[in-house]
file input-v9.txt (compact mmCIF, C-alpha atoms and all ligand atoms)
# COMPACT_ATOMS: atom_id res chain seq x y z
CA MET D 264 0.00 0.00 0.00
CA ASN D 265 1.37 3.39 -0.97
CA ASN D 266 1.27 5.87 1.94
CA GLU D 267 3.64 8.49 0.57
CA ARG D 268 1.32 11.50 1.05
CA SER D 269 0.51 10.43 4.60
CA HIS D 270 4.21 10.07 5.42
CA GLU D 271 4.91 13.53 4.02
CA LEU D 272 2.08 15.07 6.00
CA PHE D 273 3.22 13.38 9.21
CA ALA D 274 6.80 14.59 8.72
CA ARG D 275 5.45 18.13 8.27
CA ALA D 276 3.05 17.79 11.20
CA GLN D 277 5.81 16.79 13.58
CA ARG D 278 7.47 20.16 13.06
CA THR D 279 4.44 22.09 14.31
CA LEU D 280 2.05 19.79 16.18
CA VAL D 281 3.22 18.00 19.32
CA GLY D 282 4.12 14.47 18.26
CA GLY D 283 2.46 15.37 14.98
CA VAL D 284 -1.01 14.92 16.49
CA ASN D 285 -3.81 16.56 18.44
CA SER D 286 -4.75 13.46 20.44
CA PRO D 287 -2.09 10.94 21.48
CA VAL D 288 -3.44 7.57 20.30
CA ARG D 289 -3.61 8.92 16.73
CA ALA D 290 0.20 8.86 16.62
CA PHE D 291 0.25 5.03 16.15
CA ARG D 292 3.06 4.77 18.69
CA SER D 293 1.88 1.55 20.29
CA VAL D 294 1.31 -0.18 16.95
CA GLY D 295 4.28 1.17 15.02
CA GLY D 296 4.41 2.87 11.63
CA ASN D 297 3.10 6.29 10.73
CA PRO D 298 -0.46 7.49 11.05
CA VAL D 299 -2.65 7.53 7.98
CA TYR D 300 -4.14 10.89 6.95
CA MET D 301 -7.79 10.59 6.03
CA THR D 302 -9.37 12.89 3.49
CA ALA D 303 -12.92 11.56 3.17
CA GLY D 304 -15.43 9.22 4.73
CA GLU D 305 -18.56 7.70 3.25
CA GLY D 306 -20.68 5.11 5.02
CA ALA D 307 -18.39 2.49 6.57
CA TRP D 308 -15.40 3.55 4.45
CA MET D 309 -12.62 6.13 4.69
CA THR D 310 -10.21 7.29 1.99
CA ASP D 311 -6.69 8.45 2.80
CA ALA D 312 -4.46 11.12 1.28
CA ASP D 313 -2.96 8.56 -1.14
CA GLY D 314 -6.36 7.35 -2.32
CA ASN D 315 -6.33 4.07 -0.32
CA ARG D 316 -9.69 2.94 1.04
CA TYR D 317 -10.33 1.42 4.46
CA LEU D 318 -13.26 -0.23 6.18
CA ASP D 319 -13.53 1.84 9.33
CA TYR D 320 -14.06 0.35 12.81
CA VAL D 321 -13.09 3.53 14.67
CA GLY D 322 -16.00 5.67 13.54
CA SER D 323 -14.32 8.81 14.90
CA TRP D 324 -13.98 6.91 18.23
CA GLY D 325 -17.68 6.24 18.51
CA PRO D 326 -19.82 9.13 17.26
CA LEU D 327 -20.48 7.78 13.75
CA ILE D 328 -23.08 5.13 14.57
CA VAL D 329 -24.83 5.84 11.24
CA GLY D 330 -21.54 5.92 9.32
CA HIS D 331 -19.61 8.73 7.65
CA SER D 332 -21.42 11.55 5.84
CA HIS D 333 -24.91 10.16 6.33
CA PRO D 334 -27.13 12.13 3.88
CA ALA D 335 -29.58 13.15 6.64
CA VAL D 336 -26.78 14.50 8.84
CA VAL D 337 -25.11 16.30 5.94
CA ALA D 338 -28.44 17.85 4.89
CA ALA D 339 -29.17 19.02 8.45
CA LEU D 340 -25.73 20.62 8.61
CA HIS D 341 -26.16 22.37 5.27
CA GLU D 342 -29.46 23.77 6.40
CA ALA D 343 -28.08 24.93 9.75
CA ILE D 344 -24.89 26.45 8.34
CA ALA D 345 -26.83 28.56 5.87
CA ARG D 346 -28.48 30.26 8.85
CA GLY D 347 -25.27 30.98 10.75
CA THR D 348 -22.48 29.08 12.48
CA SER D 349 -22.87 30.35 16.04
CA PHE D 350 -24.92 32.95 17.83
CA GLY D 351 -23.80 32.69 21.43
CA THR D 352 -27.46 33.10 22.30
CA CYS D 353 -30.31 30.75 23.02
CA SER D 354 -31.53 28.91 19.91
CA ALA D 355 -34.23 26.36 19.11
CA PRO D 356 -32.01 23.36 18.17
CA GLU D 357 -30.63 23.08 21.72
CA VAL D 358 -34.18 22.77 23.07
CA GLU D 359 -35.07 20.15 20.47
CA LEU D 360 -31.95 18.08 21.11
CA ALA D 361 -32.49 18.24 24.88
CA GLU D 362 -36.06 16.97 24.43
CA LYS D 363 -34.86 14.19 22.15
CA VAL D 364 -32.15 13.10 24.59
CA LYS D 365 -34.66 13.04 27.43
CA GLU D 366 -37.01 10.87 25.36
CA PHE D 367 -34.34 8.14 25.21
CA PHE D 368 -32.77 8.81 28.63
CA PRO D 369 -35.63 9.52 31.06
CA SER D 370 -33.14 9.79 33.96
CA LEU D 371 -31.91 13.07 32.44
CA GLU D 372 -34.66 15.28 33.87
CA LYS D 373 -32.50 18.34 33.16
CA ILE D 374 -29.56 18.64 30.77
CA ARG D 375 -26.61 20.95 30.14
CA PHE D 376 -24.80 20.81 26.79
CA VAL D 377 -21.04 21.28 26.60
CA ASN D 378 -18.44 20.74 23.85
CA SER D 379 -16.73 17.44 24.71
CA GLY D 380 -16.93 14.38 26.91
CA THR D 381 -14.15 15.82 29.06
CA GLU D 382 -16.19 18.92 29.80
CA ALA D 383 -19.22 16.79 30.61
CA THR D 384 -17.41 14.69 33.22
CA MET D 385 -15.69 17.73 34.75
CA GLY D 386 -19.06 19.45 35.07
CA ALA D 387 -20.73 16.39 36.54
CA ILE D 388 -18.05 15.96 39.20
CA ARG D 389 -18.13 19.61 40.22
CA LEU D 390 -21.89 19.37 40.49
CA ALA D 391 -21.70 16.18 42.56
CA ARG D 392 -19.26 17.88 44.92
CA GLY D 393 -21.45 20.97 45.13
CA ALA D 394 -24.53 18.88 45.80
CA THR D 395 -23.04 16.65 48.50
CA GLY D 396 -20.48 18.95 50.10
CA CYS D 397 -17.96 16.09 49.80
CA ASP D 398 -14.67 16.21 47.88
CA LYS D 399 -13.74 12.62 47.15
CA ILE D 400 -14.75 10.65 44.09
CA VAL D 401 -14.43 6.96 43.32
CA LYS D 402 -13.37 5.87 39.85
CA PHE D 403 -12.32 2.49 38.48
CA ALA D 404 -8.84 1.52 37.34
CA GLY D 405 -8.73 1.49 33.54
CA CYS D 406 -11.82 3.68 33.09
CA TYR D 407 -11.25 6.89 31.14
CA HIS D 408 -13.38 9.96 31.75
CA GLY D 409 -11.55 12.52 29.65
CA HIS D 410 -8.44 14.47 30.59
CA GLY D 411 -9.68 16.44 33.62
CA ASP D 412 -7.17 16.42 36.50
CA ALA D 413 -9.40 14.37 38.81
CA PHE D 414 -9.67 11.55 36.26
CA LEU D 415 -6.03 11.08 35.28
CA VAL D 416 -5.54 8.62 38.08
CA LYS D 417 -5.22 5.03 36.87
CA ALA D 418 -6.86 6.20 33.64
CA GLY D 419 -7.57 4.06 30.58
CA SER D 420 -7.50 4.80 26.82
CA GLY D 421 -4.46 6.76 25.58
CA ALA D 422 -3.16 7.26 29.13
CA LEU D 423 -3.02 3.47 29.50
CA THR D 424 -1.66 2.91 25.99
CA PHE D 425 1.28 5.20 26.72
CA GLY D 426 1.95 3.79 30.18
CA ALA D 427 1.02 7.10 31.83
CA PRO D 428 -2.22 6.32 33.64
CA ASP D 429 -1.21 8.90 36.24
CA SER D 430 -0.31 12.10 34.40
CA ALA D 431 2.45 14.54 35.31
CA GLY D 432 1.05 17.97 36.08
CA VAL D 433 -1.88 16.78 38.19
CA PRO D 434 -1.46 18.28 41.66
CA ALA D 435 -1.10 15.65 44.38
CA SER D 436 -3.78 17.51 46.31
CA VAL D 437 -6.21 16.88 43.44
CA ALA D 438 -5.18 13.27 42.81
CA GLN D 439 -5.63 12.38 46.46
CA GLU D 440 -9.32 13.18 46.22
CA THR D 441 -9.70 10.42 43.61
CA LEU D 442 -10.07 6.93 45.05
CA THR D 443 -9.58 4.00 42.69
CA ALA D 444 -11.42 0.70 42.79
CA ARG D 445 -11.24 -2.48 40.73
CA PHE D 446 -13.94 -2.72 38.06
CA ASN D 447 -16.45 -5.51 38.75
CA ASP D 448 -15.34 -5.69 42.41
CA LEU D 449 -18.15 -4.51 44.71
CA PRO D 450 -16.40 -5.47 47.98
CA ASN D 451 -13.53 -3.20 46.94
CA VAL D 452 -15.96 -0.27 46.50
CA ALA D 453 -17.65 -1.07 49.83
CA GLU D 454 -14.24 -0.97 51.51
CA LEU D 455 -13.52 2.49 50.08
CA PHE D 456 -16.87 3.74 51.41
CA ASP D 457 -16.10 2.29 54.85
CA ASN D 458 -12.65 3.85 54.95
CA ASN D 459 -13.90 7.26 53.76
CA ALA D 460 -17.24 7.54 55.53
CA GLY D 461 -19.08 10.79 54.77
CA ARG D 462 -16.40 12.05 52.39
CA ILE D 463 -17.36 10.55 49.00
CA ALA D 464 -19.33 12.79 46.63
CA ALA D 465 -19.78 10.31 43.79
CA VAL D 466 -18.88 7.07 42.13
CA ILE D 467 -18.22 7.57 38.42
CA VAL D 468 -18.14 4.55 36.13
CA GLU D 469 -18.18 3.59 32.47
CA PRO D 470 -21.12 1.18 32.84
CA VAL D 471 -19.63 -0.86 30.00
CA VAL D 472 -15.94 -0.04 29.87
CA GLY D 473 -14.60 0.87 26.46
CA ASN D 474 -11.31 2.41 27.48
CA MET D 475 -9.31 -0.63 28.56
CA GLY D 476 -10.84 -2.36 25.58
CA VAL D 477 -14.43 -3.49 26.02
CA VAL D 478 -15.18 -4.93 29.46
CA PRO D 479 -18.82 -5.63 30.34
CA PRO D 480 -20.16 -5.23 33.86
CA ALA D 481 -20.65 -8.47 35.82
CA PRO D 482 -24.30 -9.26 36.58
CA ASP D 483 -25.44 -7.06 39.47
CA PHE D 484 -22.28 -4.93 39.49
CA LEU D 485 -24.13 -1.77 38.43
CA ALA D 486 -27.11 -2.50 40.71
CA GLY D 487 -24.62 -3.07 43.53
CA LEU D 488 -23.03 0.33 42.90
CA ARG D 489 -26.51 1.90 43.03
CA GLN D 490 -27.12 0.28 46.44
CA LEU D 491 -23.74 1.31 47.84
CA CYS D 492 -24.22 4.93 46.70
CA ASP D 493 -27.70 5.04 48.24
CA ALA D 494 -26.49 3.54 51.49
CA HIS D 495 -23.68 6.10 51.79
CA GLY D 496 -25.38 9.23 50.42
CA ALA D 497 -23.11 9.46 47.36
CA LEU D 498 -24.22 10.14 43.79
CA LEU D 499 -23.90 7.52 41.08
CA ILE D 500 -22.59 8.92 37.79
CA PHE D 501 -22.72 6.81 34.63
CA ASP D 502 -20.21 8.07 32.11
CA GLU D 503 -22.11 7.14 28.96
CA VAL D 504 -20.00 9.29 26.63
CA MET D 505 -19.21 6.10 24.72
CA THR D 506 -22.13 3.81 25.62
CA GLY D 507 -24.91 6.39 25.29
CA PHE D 508 -27.06 5.60 22.21
CA ARG D 509 -24.44 2.94 21.43
CA VAL D 510 -25.10 -0.21 23.50
CA ALA D 511 -28.83 0.60 23.32
CA ARG D 512 -30.83 3.68 22.39
CA GLY D 513 -31.19 4.47 26.08
CA GLY D 514 -27.56 3.58 26.79
CA ALA D 515 -26.25 1.15 29.39
CA GLN D 516 -28.77 2.42 31.94
CA ALA D 517 -31.59 1.09 29.75
CA LEU D 518 -29.73 -2.11 28.87
CA TYR D 519 -29.01 -3.03 32.51
CA GLY D 520 -31.99 -1.31 34.14
CA VAL D 521 -30.02 0.79 36.63
CA ARG D 522 -30.81 4.49 37.04
CA PRO D 523 -27.89 6.77 37.84
CA ASP D 524 -28.26 10.19 39.49
CA LEU D 525 -26.16 11.88 36.82
CA THR D 526 -25.16 10.82 33.31
CA THR D 527 -22.50 12.17 31.00
CA LEU D 528 -22.93 11.94 27.24
CA GLY D 529 -20.84 12.80 24.19
CA LYS D 530 -19.83 11.29 20.86
CA ILE D 531 -23.14 10.13 19.25
CA ILE D 532 -25.20 13.09 20.55
CA GLY D 533 -22.94 15.32 18.46
CA GLY D 534 -23.30 13.24 15.29
CA GLY D 535 -19.58 13.81 14.58
CA LEU D 536 -19.42 17.42 15.75
CA PRO D 537 -17.95 18.44 19.13
CA VAL D 538 -20.69 17.97 21.74
CA GLY D 539 -20.96 16.69 25.27
CA ALA D 540 -23.76 16.82 27.81
CA PHE D 541 -24.46 16.02 31.40
CA GLY D 542 -27.77 15.68 33.09
CA GLY D 543 -29.81 13.89 35.70
CA LEU D 544 -32.11 14.51 38.61
CA ALA D 545 -33.65 17.97 38.31
CA LYS D 546 -33.07 18.75 41.99
CA ILE D 547 -29.34 18.21 41.47
CA MET D 548 -29.04 19.80 38.02
CA ASP D 549 -30.84 22.91 39.29
CA LEU D 550 -27.82 23.57 41.52
CA LEU D 551 -26.01 24.66 38.33
CA SER D 552 -25.61 28.32 37.42
CA PRO D 553 -27.81 30.37 36.69
CA LEU D 554 -30.21 28.63 39.11
CA GLY D 555 -27.70 27.52 41.70
CA PRO D 556 -24.21 28.04 43.12
CA VAL D 557 -22.23 25.54 40.96
CA TYR D 558 -20.63 27.45 38.09
CA GLN D 559 -20.38 26.12 34.54
CA ALA D 560 -20.46 27.92 31.17
CA GLY D 561 -19.32 27.72 27.52
CA THR D 562 -18.88 30.11 24.57
CA LEU D 563 -19.91 27.49 22.00
CA SER D 564 -22.14 25.31 24.20
CA GLY D 565 -25.38 24.41 22.40
CA ASN D 566 -23.80 25.47 19.09
CA PRO D 567 -26.47 25.24 16.38
CA LEU D 568 -24.37 23.17 13.94
CA ALA D 569 -23.46 20.63 16.60
CA MET D 570 -27.07 20.46 17.80
CA ALA D 571 -28.30 19.94 14.23
CA ALA D 572 -25.87 17.07 13.56
CA GLY D 573 -26.78 15.45 16.87
CA LEU D 574 -30.49 15.78 16.32
CA ALA D 575 -30.30 14.40 12.77
CA THR D 576 -28.32 11.41 14.07
CA LEU D 577 -30.66 10.66 16.98
CA LYS D 578 -33.65 10.75 14.64
CA LEU D 579 -32.12 7.86 12.69
CA LEU D 580 -31.78 5.62 15.75
CA THR D 581 -34.71 3.22 15.41
CA PRO D 582 -35.16 -0.15 17.14
CA ASP D 583 -34.58 -1.79 13.73
CA LEU D 584 -31.21 -0.07 13.44
CA TYR D 585 -30.13 -1.53 16.81
CA ALA D 586 -31.40 -5.01 15.88
CA ALA D 587 -29.36 -4.93 12.66
CA LEU D 588 -26.28 -3.58 14.49
CA GLU D 589 -26.55 -6.35 17.07
CA ALA D 590 -26.74 -9.07 14.40
CA LYS D 591 -23.77 -7.69 12.43
CA SER D 592 -21.66 -7.13 15.53
CA ALA D 593 -22.38 -10.64 16.83
CA ARG D 594 -21.37 -12.09 13.47
CA LEU D 595 -18.12 -10.12 13.49
CA ALA D 596 -17.30 -11.14 17.08
CA ASP D 597 -18.01 -14.83 16.35
CA GLY D 598 -15.99 -14.68 13.15
CA LEU D 599 -13.01 -13.15 14.97
CA ALA D 600 -13.15 -15.73 17.76
CA ARG D 601 -13.34 -18.56 15.22
CA ALA D 602 -10.49 -17.08 13.17
CA ALA D 603 -8.27 -16.83 16.24
CA ALA D 604 -9.06 -20.40 17.28
CA ALA D 605 -8.34 -21.69 13.76
CA ALA D 606 -4.99 -19.86 13.72
CA GLY D 607 -4.08 -21.20 17.18
CA VAL D 608 -3.89 -17.70 18.67
CA ALA D 609 -5.07 -17.27 22.29
CA ALA D 610 -7.79 -14.61 22.15
CA GLN D 611 -10.91 -13.30 23.85
CA VAL D 612 -13.58 -11.26 22.13
CA ASN D 613 -15.53 -9.02 24.50
CA ARG D 614 -18.62 -7.42 23.02
CA VAL D 615 -21.63 -5.42 24.12
CA GLY D 616 -23.83 -4.38 21.21
CA SER D 617 -21.73 -2.72 18.53
CA MET D 618 -18.66 -2.19 20.78
CA LEU D 619 -16.09 -4.98 20.80
CA THR D 620 -12.43 -5.76 21.47
CA LEU D 621 -10.26 -8.69 20.47
CA PHE D 622 -7.77 -9.26 23.32
CA PHE D 623 -4.73 -11.47 22.74
CA THR D 624 -4.88 -13.43 25.99
CA ASP D 625 -6.19 -16.77 27.23
CA ARG D 626 -7.71 -15.14 30.34
CA ALA D 627 -11.26 -13.83 30.60
CA VAL D 628 -11.00 -10.01 30.57
CA THR D 629 -13.09 -8.58 33.41
CA ASP D 630 -10.98 -5.71 34.78
CA LEU D 631 -7.79 -3.74 34.16
CA GLU D 632 -5.49 -6.43 35.50
CA SER D 633 -6.86 -9.08 33.15
CA ALA D 634 -7.00 -6.58 30.24
CA GLN D 635 -3.30 -6.00 30.72
CA THR D 636 -2.56 -9.67 30.12
CA THR D 637 -3.24 -8.96 26.44
CA ASP D 638 -0.20 -9.39 24.20
CA THR D 639 0.16 -5.83 22.88
CA LYS D 640 3.00 -6.82 20.52
CA ARG D 641 0.74 -9.40 18.92
CA PHE D 642 -2.00 -6.79 18.65
CA ALA D 643 0.42 -4.38 16.97
CA ALA D 644 1.30 -7.00 14.35
CA PHE D 645 -2.39 -7.81 13.84
CA PHE D 646 -3.24 -4.10 13.53
CA ARG D 647 -0.60 -3.57 10.84
CA GLU D 648 -1.72 -6.62 8.84
CA MET D 649 -5.33 -5.44 9.01
CA LEU D 650 -4.38 -1.91 7.97
CA ASP D 651 -2.51 -3.32 4.98
CA ALA D 652 -5.62 -5.30 4.10
CA GLY D 653 -7.66 -2.08 4.21
CA VAL D 654 -9.32 -2.52 7.60
CA TYR D 655 -8.89 0.44 9.93
CA LEU D 656 -8.91 -0.65 13.60
CA PRO D 657 -8.25 1.51 16.67
CA PRO D 658 -4.45 1.86 16.91
CA SER D 659 -4.30 0.43 20.45
CA ASN D 660 -5.47 -2.80 22.07
CA TYR D 661 -7.01 -0.80 24.93
CA GLU D 662 -9.82 0.59 22.79
CA ALA D 663 -13.22 -0.47 21.49
CA TRP D 664 -13.97 -1.20 17.86
CA PHE D 665 -17.25 0.30 16.67
CA VAL D 666 -19.56 -1.26 14.12
CA SER D 667 -21.88 1.22 12.40
CA ALA D 668 -25.24 0.91 10.70
CA ALA D 669 -23.40 1.56 7.43
CA HIS D 670 -21.38 -1.68 7.66
CA SER D 671 -22.95 -4.16 5.24
CA ASP D 672 -23.00 -7.93 5.67
CA ASP D 673 -20.36 -8.05 2.95
CA ASP D 674 -18.17 -5.60 4.87
CA ILE D 675 -18.34 -7.88 7.91
CA GLU D 676 -17.39 -10.91 5.79
CA VAL D 677 -14.47 -9.03 4.22
CA THR D 678 -13.29 -8.11 7.72
CA ILE D 679 -13.48 -11.69 8.99
CA ARG D 680 -11.56 -12.98 5.94
CA ALA D 681 -8.88 -10.30 6.50
CA ALA D 682 -8.69 -11.24 10.18
CA GLU D 683 -8.25 -14.93 9.29
CA ARG D 684 -5.25 -14.09 7.13
CA ALA D 685 -3.84 -11.57 9.60
CA LEU D 686 -4.16 -13.96 12.55
CA ARG D 687 -2.37 -16.73 10.65
CA GLY D 688 0.41 -14.23 9.89
CA VAL D 689 0.52 -13.05 13.50
CA TYR D 690 0.80 -16.61 14.73
CA GLN D 691 3.64 -17.44 12.38
CA ALA D 692 5.56 -14.21 12.97
CA GLN D 693 8.41 -14.32 15.46
CA LEU D 694 7.28 -11.68 17.92
N1 LIG D 701 -15.67 9.50 28.88
C1 LIG D 701 -15.57 8.39 28.14
C2 LIG D 701 -16.22 7.13 28.60
C3 LIG D 701 -14.87 8.42 26.93
O1 LIG D 701 -14.77 7.29 26.20
C4 LIG D 701 -14.28 9.63 26.51
C5 LIG D 701 -13.50 9.74 25.20
N2 LIG D 701 -13.12 8.61 24.59
C6 LIG D 701 -14.42 10.75 27.32
C7 LIG D 701 -15.13 10.65 28.50
C8 LIG D 701 -13.81 12.07 26.92
O2 LIG D 701 -14.47 12.59 25.83
P1 LIG D 701 -13.74 13.68 24.89
O3 LIG D 701 -12.63 12.97 24.21
O4 LIG D 701 -14.84 14.13 23.97
O5 LIG D 701 -13.29 14.78 25.78
call {"tool": "encode", "arguments": {"input": "input-v9.txt", "output": "structure tokens", "more": "lines below"}}
Ligand code: PMP
result
Amino acid sequence: MNNERSHELFARAQRTLVGGVNSPVRAFRSVGGNPVYMTAGEGAWMTDADGNRYLDYVGSWGPLIVGHSHPAVVAALHEAIARGTSFGTCSAPEVELAEKVKEFFPSLEKIRFVNSGTEATMGAIRLARGATGCDKIVKFAGCYHGHGDAFLVKAGSGALTFGAPDSAGVPASVAQETLTARFNDLPNVAELFDNNAGRIAAVIVEPVVGNMGVVPPAPDFLAGLRQLCDAHGALLIFDEVMTGFRVARGGAQALYGVRPDLTTLGKIIGGGLPVGAFGGLAKIMDLLSPLGPVYQAGTLSGNPLAMAAGLATLKLLTPDLYAALEAKSARLADGLARAAAAAGVAAQVNRVGSMLTLFFTDRAVTDLESAQTTDTKRFAAFFREMLDAGVYLPPSNYEAWFVSAAHSDDDIEVTIRAAERALRGVYQAQL
């Protein structure tokens, strides 16, 4: 595959952008080689600067559940842009999107829109602290909640990929307010509550983890967190930036039937434009400025283009779409597991709905410790073989792959065939 233009662009980028990128995992450091520069996306496919085409399982890291450049989303954007790009005032689309979100997520009695998942989680935590008068939060090792100081403690995603789950530059005084528990380990959470009685504002969790690769919650784990939070007067925050509208239309809270106090959203609600949101119980949300004492604001929050793209995307999310996504994703996961077994490669495929990860390990992956038994060198070799075959996977083993409604049955078959060849190659390679 010729990647000359991409190589040139990356060489240029490294002279002006830090590491050549604006988000670390894009640099391909854990999988080797240079990043590929994309110029266009259509449906399940992306085209790079050299004209190569790839079947895309990143989907802009989750937002593109209906695929690239869906005609309804593009039309909504054209219509919105003709009326103006930003007003910095109130506008109708933010009201419409809020109503639509609430229709799918009834636990979000009141909502605040922001511009990214990071902003959503930062806002939610400040609100939880303001509401409870407590400073400490509990998070889970390997979960990623954006790059806010409080969350860069045993963080997943890029922080984990680069071996920096605890970032430099986070004041010790801030980090010490973040308590870390093992995912899927309720006794561990109970112990933290016992040792920090009356000091915990909230437990924040990715209800299905995507950021150490996909790790589903054990049965009753989420319900157990709900009970512990109730018993100790702490708020339960579901970070559904990735899982919202993804694992089900109503997110993980609908799928598992557990109602959090606060929810953070991002990715799909922006339809590919920069949007985040947090919301929950009205009596807590009403503590936010201008009604209450917890401050939060944003120049571009509720931006009409972002609201239009989000609204157009949410309108496409029918029960039929989820049924088709489930069937395609199950077929892909089964095909990958069979391909690994046939090639003699130890592997686990974790999947919830259209999020999945192929881990190179013989252990069940249920938490960070087991996720880290994955053979990242083997993944890197697999990634490169797949890229060469025209299948674009997340460039780290600690990430979720996303199937979109635009992936056809043929696309899934092509992917499985490519994986069969790649896994045979990975097995034979001297790693
Ligand atoms: N929370 C979760 C669960 C995420 O997956 C992410 C991003 N991958 C974030 C928060 C942060 O979102 P953003 O990158 O939009 O700031």
call {"tool": "residues_near_ligand", "arguments": {"input": "input-v9.txt", "ligand": "ligand LIG 701 (chain D)", "cutoff": "7 Å", "atoms": "all atoms listed in the file", "output": "list in words"}}
result
Trp324, Ser379, Gly380, Thr381, Glu382, Thr384, Tyr407, His408, Gly409, His410, Glu469, Gly473, Asn474, Asp502, Glu503, Val504, Met505, Gly529, Lys530 and Gly539 of chain D
call {"tool": "closest_residue", "arguments": {"input": "input-v9.txt", "among": "D:Gly476, D:Gly535, D:Gly421, D:Pro482", "to": "Gly322 of chain D", "atoms": "all atoms listed in the file"}}
result
D:Gly535
call {"tool": "closest_residue", "arguments": {"input": "input-v9.txt", "among": "D:Asn660, D:Ser552, D:Thr576, D:Thr678", "to": "Arg292 of chain D", "atoms": "all atoms listed in the file"}}
result
D:Asn660
call {"tool": "atom_distance", "arguments": {"input": "input-v9.txt", "atom1": "atom CA of Phe501 of chain D", "atom2": "atom CA of Ser659 of chain D"}}
result
24.1 Å
call {"tool": "closest_atom_pairs", "arguments": {"input": "input-v9.txt", "of": "segment 508-564 of chain D", "to": "segment 489-500 of chain D", "cutoff": "6 Å", "atoms": "only C-alpha atoms", "output": "JSON lines"}}
result
{"residue": "D:Pro523", "atom": "CA", "partner": "D:Leu499", "partner_atom": "CA", "distance": 5.2}
{"residue": "D:Asp524", "atom": "CA", "partner": "D:Leu499", "partner_atom": "CA", "distance": 5.4}
{"residue": "D:Leu525", "atom": "CA", "partner": "D:Ile500", "partner_atom": "CA", "distance": 4.7}
{"residue": "D:Thr526", "atom": "CA", "partner": "D:Ile500", "partner_atom": "CA", "distance": 5.5}
call {"tool": "closest_residue", "arguments": {"input": "input-v9.txt", "among": "D:Ala682, D:Pro434, D:Gly561, D:Lys363", "to": "Gly351 of chain D", "atoms": "all atoms listed in the file"}}
result
D:Gly561
call {"tool": "atom_distance", "arguments": {"input": "input-v9.txt", "atom1": "atom CA of Leu318 of chain D", "atom2": "atom CA of Leu599 of chain D"}}
result
15.6 Å
call {"tool": "residues_around", "arguments": {"input": "input-v9.txt", "residues": "segment 603-613 of chain D", "least_positions_apart": "2", "cutoff": "6 Å", "atoms": "only C-alpha atoms", "output": "ChimeraX atom specification"}}
result
/D:477,600-601,619-625,687
call {"tool": "write_last_selection", "arguments": {"input": "input-v9.txt", "atoms": "C-alpha atoms", "output": "PDB file, keeping the file's coordinate frame"}}
result
ATOM      1  CA  VAL D 477     -14.430  -3.490  26.020  1.00  0.00           C
ATOM      2  CA  ALA D 600     -13.150 -15.730  17.760  1.00  0.00           C
ATOM      3  CA  ARG D 601     -13.340 -18.560  15.220  1.00  0.00           C
ATOM      4  CA  LEU D 619     -16.090  -4.980  20.800  1.00  0.00           C
ATOM      5  CA  THR D 620     -12.430  -5.760  21.470  1.00  0.00           C
ATOM      6  CA  LEU D 621     -10.260  -8.690  20.470  1.00  0.00           C
ATOM      7  CA  PHE D 622      -7.770  -9.260  23.320  1.00  0.00           C
ATOM      8  CA  PHE D 623      -4.730 -11.470  22.740  1.00  0.00           C
ATOM      9  CA  THR D 624      -4.880 -13.430  25.990  1.00  0.00           C
ATOM     10  CA  ASP D 625      -6.190 -16.770  27.230  1.00  0.00           C
ATOM     11  CA  ARG D 687      -2.370 -16.730  10.650  1.00  0.00           C
TER      12      ARG D 687
END
call {"tool": "atom_distance", "arguments": {"input": "input-v9.txt", "atom1": "atom CA of Glu632 of chain D", "atom2": "atom CA of Arg594 of chain D"}}
result
27.7 Å
call {"tool": "residues_around", "arguments": {"input": "input-v9.txt", "residues": "Val689 of chain D", "least_positions_apart": "3", "cutoff": "8 Å", "atoms": "only C-alpha atoms", "output": "PyMOL selection string"}}
result
chain D and resi 641+644-645+685-686+692
call {"tool": "write_last_selection", "arguments": {"input": "input-v9.txt", "atoms": "C-alpha atoms", "output": "PDB file, in the coordinates of the input"}}
result
ATOM      1  CA  ARG D 641       0.740  -9.400  18.920  1.00  0.00           C
ATOM      2  CA  ALA D 644       1.300  -7.000  14.350  1.00  0.00           C
ATOM      3  CA  PHE D 645      -2.390  -7.810  13.840  1.00  0.00           C
ATOM      4  CA  ALA D 685      -3.840 -11.570   9.600  1.00  0.00           C
ATOM      5  CA  LEU D 686      -4.160 -13.960  12.550  1.00  0.00           C
ATOM      6  CA  ALA D 692       5.560 -14.210  12.970  1.00  0.00           C
TER       7      ALA D 692
END
call {"tool": "closest_residue", "arguments": {"input": "input-v9.txt", "among": "D:Leu371, D:Ala560, D:Leu272, D:Val471", "to": "Met385 of chain D", "atoms": "all atoms listed in the file"}}
result
D:Ala560
call {"tool": "closest_residue", "arguments": {"input": "input-v9.txt", "among": "D:Val437, D:Asn458, D:Thr395, D:Ala515", "to": "Phe414 of chain D", "atoms": "all atoms listed in the file"}}
result
D:Val437
call {"tool": "residues_around", "arguments": {"input": "input-v9.txt", "residues": "Ser354 of chain D", "least_positions_apart": "2", "cutoff": "9 Å", "atoms": "only C-alpha atoms", "output": "number ranges by chain"}}
result
D: 350-352, 356-358, 565-567
call {"tool": "residues_around", "arguments": {"input": "input-v9.txt", "residues": "Phe376 of chain D", "least_positions_apart": "4", "cutoff": "8 Å", "atoms": "only C-alpha atoms", "output": "PyMOL selection string"}}
result
chain D and resi 383+538-541+564-565
call {"tool": "write_last_selection", "arguments": {"input": "input-v9.txt", "atoms": "C-alpha atoms", "output": "compact mmCIF listing (two decimals), in the coordinates of the input"}}
result
# COMPACT_ATOMS: atom_id res chain seq x y z
CA ALA D 383 -19.22 16.79 30.61
CA VAL D 538 -20.69 17.97 21.74
CA GLY D 539 -20.96 16.69 25.27
CA ALA D 540 -23.76 16.82 27.81
CA PHE D 541 -24.46 16.02 31.40
CA SER D 564 -22.14 25.31 24.20
CA GLY D 565 -25.38 24.41 22.40
